[in-house]
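S.K.: Have a look at this one.
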Amino acid sequence: MHEVAHDLVGCVIRHGGAAGRIVEVESYHQEEPACHAYAGLTPRTATLFGPPGNAYVYRSYGIHALLNAVAEPEGVGAAALIRALEPVEGVDVMRARRGVHPLDALCSGPGKLTEALGIGLELNGATLTGDGPIAVFPGLGHRPVEVVRGTRIGITKATDLPWRFCDRDSPCVSRPWPAVMRDARASVARSGRGPRPAPA
DNA sequence: CATGGGATTGACT
DNA sequence: GTCAATCCCATGC
């Protein structure tokens with residue numbers, strides 16, 4: 001599961017005439033309370049317990065569609081939440097759907113990227129690896145990725161698990177980078193204000 | 001059947 | 001920094 005999440009960083013995902021390079025992913029697993037599958041097999045979580053490589057799309061806060069890739073064999077509820085992309089294709093389509101212009105604002109969040117790609121709840125259960133409407137493939141030809149790891153964000157349970165994977169060099173992540181990276185950058189002398197220092 | 005919460009975002013103080 | 005919007009579904013009566 002973590003391997004799936006880790007390896008998704010750097011891949012390209014395409015749908016609806018637009019595509020982006022994945023720069024931020026988080027893992028969720030049935031044995032941990034932040035995961036929807038923690039509640040067991042229900043109508044809502046059926047997709048999570050289904051075959052790996054399928055999309056699990058659900059509505060968040062009644063407003064946004066969030067996209068996951070099912071990441072464990074059938075019967076185990078686990079997935080990788082795709083949290084941010086760097087636009088690489090169909091930028092104008094993304095801008096039209098999002099209503100904003102800056103590149104790093106188009107897909108820098110799990111709700112933003114589904115809107116930019118035109119992904120809705122009707123795609124829950126669709127395959128990501130085959131010939132479905134959503135295509136995920138290796139980001140060959142793009143710059144190599146250096147993945148840094150940190151704790152997941154936006155959740156209220158199991159907040160201590162280091163299950164967030166980010167492209168260290170992308171300006172399109174949804175929130176500040178993991179502490180690992182802030183530490184790495186702190187070693188570089190910097191005159192003005194830099195990234196906010198990690199709270200103890 | 002009624003209720004409450006949430007893996008978010010954008011607007012506002 | 002705070003806060004509302006909005007809907008699916010898990011849970012409890």
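By order of appearance in the structure tokens: chains A, B, ..., then residues from 1 within every chain, and ligands from 1 in the order shown.
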Could you please tell me, as a PDB file with N, CA and C atoms (P, O5', C5', C4', C3', O3' and C1' of nucleotides), in the first residue's frame, which residues of chain C have an atom within 10 Å of chain A when using only C-alpha atoms (C1' of nucleotides)?
M.R.:
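Done, and the output landed in out26.pdb:
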```pdb
ATOM      1  P    DA C   5     -23.945  28.829   5.501  1.00  0.00           P
ATOM      2  O5'  DA C   5     -23.475  28.026   4.205  1.00  0.00           O
ATOM      3  C5'  DA C   5     -22.772  28.711   3.183  1.00  0.00           C
ATOM      4  C4'  DA C   5     -22.308  27.720   2.136  1.00  0.00           C
ATOM      5  C3'  DA C   5     -23.337  26.618   1.844  1.00  0.00           C
ATOM      6  O3'  DA C   5     -23.371  26.386   0.462  1.00  0.00           O
ATOM      7  C1'  DA C   5     -21.282  25.661   2.542  1.00  0.00           C
ATOM      8  P    DT C   6     -24.651  25.743  -0.210  1.00  0.00           P
ATOM      9  O5'  DT C   6     -24.369  24.188  -0.060  1.00  0.00           O
ATOM     10  C5'  DT C   6     -23.303  23.620  -0.800  1.00  0.00           C
ATOM     11  C4'  DT C   6     -23.232  22.126  -0.492  1.00  0.00           C
ATOM     12  C3'  DT C   6     -24.613  21.468  -0.418  1.00  0.00           C
ATOM     13  O3'  DT C   6     -24.556  20.209  -1.052  1.00  0.00           O
ATOM     14  C1'  DT C   6     -23.443  21.085   1.576  1.00  0.00           C
ATOM     15  P    DC C   7     -25.975  19.637  -1.636  1.00  0.00           P
ATOM     16  O5'  DC C   7     -25.777  18.057  -1.553  1.00  0.00           O
ATOM     17  C5'  DC C   7     -24.578  17.479  -2.059  1.00  0.00           C
ATOM     18  C4'  DC C   7     -24.306  16.196  -1.309  1.00  0.00           C
ATOM     19  C3'  DC C   7     -25.566  15.405  -0.970  1.00  0.00           C
ATOM     20  O3'  DC C   7     -25.244  14.023  -0.939  1.00  0.00           O
ATOM     21  C1'  DC C   7     -24.426  15.849   0.981  1.00  0.00           C
ATOM     22  P    DC C   8     -25.750  13.084  -2.174  1.00  0.00           P
ATOM     23  O5'  DC C   8     -25.031  11.704  -1.867  1.00  0.00           O
ATOM     24  C5'  DC C   8     -23.610  11.630  -1.932  1.00  0.00           C
ATOM     25  C4'  DC C   8     -23.060  10.927  -0.705  1.00  0.00           C
ATOM     26  C3'  DC C   8     -23.826   9.662  -0.349  1.00  0.00           C
ATOM     27  O3'  DC C   8     -22.898   8.607  -0.291  1.00  0.00           O
ATOM     28  C1'  DC C   8     -23.523  11.019   1.574  1.00  0.00           C
ATOM     29  P    DC C   9     -23.439   7.118  -0.356  1.00  0.00           P
ATOM     30  O5'  DC C   9     -23.256   6.680   1.165  1.00  0.00           O
ATOM     31  C5'  DC C   9     -22.018   6.950   1.822  1.00  0.00           C
ATOM     32  C4'  DC C   9     -22.218   6.858   3.322  1.00  0.00           C
ATOM     33  C3'  DC C   9     -23.132   5.709   3.748  1.00  0.00           C
ATOM     34  O3'  DC C   9     -22.660   5.206   4.960  1.00  0.00           O
ATOM     35  C1'  DC C   9     -23.882   7.661   4.688  1.00  0.00           C
ATOM     36  P    DA C  10     -22.077   3.724   5.028  1.00  0.00           P
ATOM     37  O5'  DA C  10     -21.644   3.670   6.563  1.00  0.00           O
ATOM     38  C5'  DA C  10     -20.686   4.621   7.008  1.00  0.00           C
ATOM     39  C4'  DA C  10     -20.889   4.919   8.482  1.00  0.00           C
ATOM     40  C3'  DA C  10     -21.352   3.728   9.307  1.00  0.00           C
ATOM     41  O3'  DA C  10     -20.731   3.807  10.571  1.00  0.00           O
ATOM     42  C1'  DA C  10     -22.987   5.451   9.410  1.00  0.00           C
TER      43       DA C  10
END
```
S.K.: Taking a cut-off of 9 Å and counting only C-alpha atoms (C1' of nucleotides), can you build a table that, for each residue of chain B near chain A, reports the nearest atom pair and how far apart they are in Å (one decimal), sorted by chain then residue number, as a Markdown table?
M.R.:
```
| residue | atom | partner | partner_atom | distance |
| --- | --- | --- | --- | --- |
| B:DG5 | C1' | A:Tyr61 | CA | 8.9 |
| B:DG6 | C1' | A:Tyr61 | CA | 5.7 |
| B:DA7 | C1' | A:Ile155 | CA | 6.2 |
| B:DT8 | C1' | A:Gly111 | CA | 6.4 |
| B:DT9 | C1' | A:Gly111 | CA | 7.7 |
```
S.K.: Quick one: write out the picked residues with N, CA, C and O atoms (P, O5', C5', C4', C3', O3' and C1' of nucleotides) as a PDB file, in the first residue's frame?
M.R.:
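part_34.pdb written:
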```pdb
ATOM      1  P    DG B   5     -21.238  15.975  15.631  1.00  0.00           P
ATOM      2  O5'  DG B   5     -20.114  15.355  14.699  1.00  0.00           O
ATOM      3  C5'  DG B   5     -20.026  13.938  14.573  1.00  0.00           C
ATOM      4  C4'  DG B   5     -19.287  13.575  13.315  1.00  0.00           C
ATOM      5  C3'  DG B   5     -18.172  14.548  12.929  1.00  0.00           C
ATOM      6  O3'  DG B   5     -17.070  13.774  12.504  1.00  0.00           O
ATOM      7  C1'  DG B   5     -19.663  14.317  11.127  1.00  0.00           C
ATOM      8  P    DG B   6     -15.594  14.432  12.574  1.00  0.00           P
ATOM      9  O5'  DG B   6     -15.183  14.207  11.056  1.00  0.00           O
ATOM     10  C5'  DG B   6     -15.278  12.907  10.486  1.00  0.00           C
ATOM     11  C4'  DG B   6     -15.155  13.043   8.994  1.00  0.00           C
ATOM     12  C3'  DG B   6     -14.063  14.028   8.554  1.00  0.00           C
ATOM     13  O3'  DG B   6     -13.347  13.484   7.456  1.00  0.00           O
ATOM     14  C1'  DG B   6     -16.133  14.661   7.637  1.00  0.00           C
ATOM     15  P    DA B   7     -11.965  12.729   7.800  1.00  0.00           P
ATOM     16  O5'  DA B   7     -11.074  13.276   6.597  1.00  0.00           O
ATOM     17  C5'  DA B   7      -9.919  14.049   6.821  1.00  0.00           C
ATOM     18  C4'  DA B   7      -9.170  14.179   5.520  1.00  0.00           C
ATOM     19  C3'  DA B   7     -10.003  14.754   4.385  1.00  0.00           C
ATOM     20  O3'  DA B   7      -9.145  15.433   3.474  1.00  0.00           O
ATOM     21  C1'  DA B   7      -9.359  12.578   3.824  1.00  0.00           C
ATOM     22  P    DT B   8      -8.988  17.034   3.792  1.00  0.00           P
ATOM     23  O5'  DT B   8     -10.354  17.557   3.133  1.00  0.00           O
ATOM     24  C5'  DT B   8     -10.604  17.356   1.744  1.00  0.00           C
ATOM     25  C4'  DT B   8     -11.049  18.641   1.089  1.00  0.00           C
ATOM     26  C3'  DT B   8      -9.944  19.691   0.975  1.00  0.00           C
ATOM     27  O3'  DT B   8      -9.816  20.025  -0.392  1.00  0.00           O
ATOM     28  C1'  DT B   8     -11.940  20.640   1.865  1.00  0.00           C
ATOM     29  P    DT B   9      -8.636  21.040  -0.924  1.00  0.00           P
ATOM     30  O5'  DT B   9      -9.431  22.395  -1.089  1.00  0.00           O
ATOM     31  C5'  DT B   9     -10.610  22.366  -1.866  1.00  0.00           C
ATOM     32  C4'  DT B   9     -11.409  23.626  -1.692  1.00  0.00           C
ATOM     33  C3'  DT B   9     -10.610  24.912  -1.911  1.00  0.00           C
ATOM     34  O3'  DT B   9     -11.170  25.552  -3.038  1.00  0.00           O
ATOM     35  C1'  DT B   9     -12.015  25.045   0.024  1.00  0.00           C
TER      36       DT B   9
END
```
S.K.: Which value, in Å to one decimal, gives the distance between CA of Leu161 in chain A and CA of Ala69 in chain A?
M.R.: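 Between CA of Leu161 in chain A and CA of Ala69 in chain A the gap works out to 19.0 Å.
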S.K.: Report the residues of chain A whose backbone DSSP state falls under strand (DSSP E or B), written as a PyMOL selection string.
M.R.: chain A and resi 12-15+18-29+54-60+64-70+78-89+127+135-137+147-150+164-167
S.K.: Identify all residues of range 8-121 of chain A in alpha helix (DSSP H) (DSSP on the backbone) and supply them as a PDB file with N, CA and C atoms, in the first residue's frame.
M.R.:
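To be explicit, this is the file written out as part37.pdb:
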```pdb
ATOM      1  N   LEU A   8       3.169   6.303  -6.845  1.00  0.00           N
ATOM      2  CA  LEU A   8       2.251   7.155  -7.606  1.00  0.00           C
ATOM      3  C   LEU A   8       2.823   8.560  -7.768  1.00  0.00           C
ATOM      4  N   VAL A  91      -4.080  22.737 -19.724  1.00  0.00           N
ATOM      5  CA  VAL A  91      -4.094  23.775 -18.688  1.00  0.00           C
ATOM      6  C   VAL A  91      -5.290  24.723 -18.849  1.00  0.00           C
ATOM      7  N   ASP A  92      -5.621  25.043 -20.084  1.00  0.00           N
ATOM      8  CA  ASP A  92      -6.746  25.957 -20.294  1.00  0.00           C
ATOM      9  C   ASP A  92      -8.073  25.334 -19.866  1.00  0.00           C
ATOM     10  N   VAL A  93      -8.203  24.033 -20.108  1.00  0.00           N
ATOM     11  CA  VAL A  93      -9.415  23.336 -19.673  1.00  0.00           C
ATOM     12  C   VAL A  93      -9.501  23.371 -18.146  1.00  0.00           C
ATOM     13  N   MET A  94      -8.366  23.129 -17.503  1.00  0.00           N
ATOM     14  CA  MET A  94      -8.333  23.179 -16.042  1.00  0.00           C
ATOM     15  C   MET A  94      -8.724  24.567 -15.536  1.00  0.00           C
ATOM     16  N   ARG A  95      -8.183  25.580 -16.156  1.00  0.00           N
ATOM     17  CA  ARG A  95      -8.476  26.954 -15.733  1.00  0.00           C
ATOM     18  C   ARG A  95      -9.962  27.256 -15.884  1.00  0.00           C
ATOM     19  N   ALA A  96     -10.542  26.764 -16.990  1.00  0.00           N
ATOM     20  CA  ALA A  96     -11.962  27.000 -17.220  1.00  0.00           C
ATOM     21  C   ALA A  96     -12.798  26.304 -16.144  1.00  0.00           C
ATOM     22  N   ARG A  97     -12.421  25.063 -15.811  1.00  0.00           N
ATOM     23  CA  ARG A  97     -13.193  24.322 -14.805  1.00  0.00           C
ATOM     24  C   ARG A  97     -13.019  24.915 -13.413  1.00  0.00           C
ATOM     25  N   ARG A  98     -11.809  25.385 -13.107  1.00  0.00           N
ATOM     26  CA  ARG A  98     -11.523  25.872 -11.759  1.00  0.00           C
ATOM     27  C   ARG A  98     -11.858  27.342 -11.572  1.00  0.00           C
ATOM     28  N   LEU A 103      -0.857  28.427 -12.241  1.00  0.00           N
ATOM     29  CA  LEU A 103      -0.611  26.997 -12.385  1.00  0.00           C
ATOM     30  C   LEU A 103      -0.631  26.268 -11.054  1.00  0.00           C
ATOM     31  N   ASP A 104       0.010  26.868 -10.047  1.00  0.00           N
ATOM     32  CA  ASP A 104       0.121  26.167  -8.775  1.00  0.00           C
ATOM     33  C   ASP A 104      -1.147  26.269  -7.929  1.00  0.00           C
ATOM     34  N   ALA A 105      -2.212  26.836  -8.504  1.00  0.00           N
ATOM     35  CA  ALA A 105      -3.478  26.876  -7.776  1.00  0.00           C
ATOM     36  C   ALA A 105      -4.521  25.972  -8.420  1.00  0.00           C
ATOM     37  N   LEU A 106      -4.177  25.386  -9.561  1.00  0.00           N
ATOM     38  CA  LEU A 106      -5.159  24.586 -10.301  1.00  0.00           C
ATOM     39  C   LEU A 106      -5.432  23.237  -9.655  1.00  0.00           C
ATOM     40  N   PRO A 110      -6.745  17.993  -2.959  1.00  0.00           N
ATOM     41  CA  PRO A 110      -7.511  16.841  -3.424  1.00  0.00           C
ATOM     42  C   PRO A 110      -8.843  17.206  -4.050  1.00  0.00           C
ATOM     43  N   GLY A 111      -9.478  18.274  -3.574  1.00  0.00           N
ATOM     44  CA  GLY A 111     -10.740  18.701  -4.153  1.00  0.00           C
ATOM     45  C   GLY A 111     -10.519  19.519  -5.413  1.00  0.00           C
ATOM     46  N   LYS A 112      -9.380  20.201  -5.464  1.00  0.00           N
ATOM     47  CA  LYS A 112      -9.074  21.025  -6.625  1.00  0.00           C
ATOM     48  C   LYS A 112      -8.761  20.178  -7.851  1.00  0.00           C
ATOM     49  N   LEU A 113      -7.988  19.110  -7.647  1.00  0.00           N
ATOM     50  CA  LEU A 113      -7.567  18.336  -8.814  1.00  0.00           C
ATOM     51  C   LEU A 113      -8.724  17.571  -9.447  1.00  0.00           C
ATOM     52  N   THR A 114      -9.687  17.120  -8.647  1.00  0.00           N
ATOM     53  CA  THR A 114     -10.825  16.426  -9.255  1.00  0.00           C
ATOM     54  C   THR A 114     -11.663  17.410 -10.051  1.00  0.00           C
ATOM     55  N   GLU A 115     -11.762  18.635  -9.564  1.00  0.00           N
ATOM     56  CA  GLU A 115     -12.504  19.648 -10.309  1.00  0.00           C
ATOM     57  C   GLU A 115     -11.770  19.982 -11.611  1.00  0.00           C
ATOM     58  N   ALA A 116     -10.455  20.130 -11.520  1.00  0.00           N
ATOM     59  CA  ALA A 116      -9.660  20.492 -12.702  1.00  0.00           C
ATOM     60  C   ALA A 116      -9.724  19.411 -13.775  1.00  0.00           C
ATOM     61  N   LEU A 117      -9.769  18.143 -13.348  1.00  0.00           N
ATOM     62  CA  LEU A 117      -9.796  17.034 -14.306  1.00  0.00           C
ATOM     63  C   LEU A 117     -11.224  16.626 -14.676  1.00  0.00           C
TER      64      LEU A 117
END
```
S.K.: Excluding DT13 in chain B and any residue of its chain fewer than 3 positions from it, enumerate the residues within 12 Å of it, using only C-alpha atoms (C1' of nucleotides), and give them as a ChimeraX atom specification.
M.R.: /C:1-3
S.K.: Set the distance at 12 Å and use only C-alpha atoms (C1' of nucleotides): which residues neighbour Ala19 in chain A once local chain neighbours fewer than 3 positions away are removed? I'd like the list as a VMD selection string.
M.R.: chain A and resid 11 to 16 22 84 to 94 106 to 107 113 to 114 116 to 119 134 to 137 139
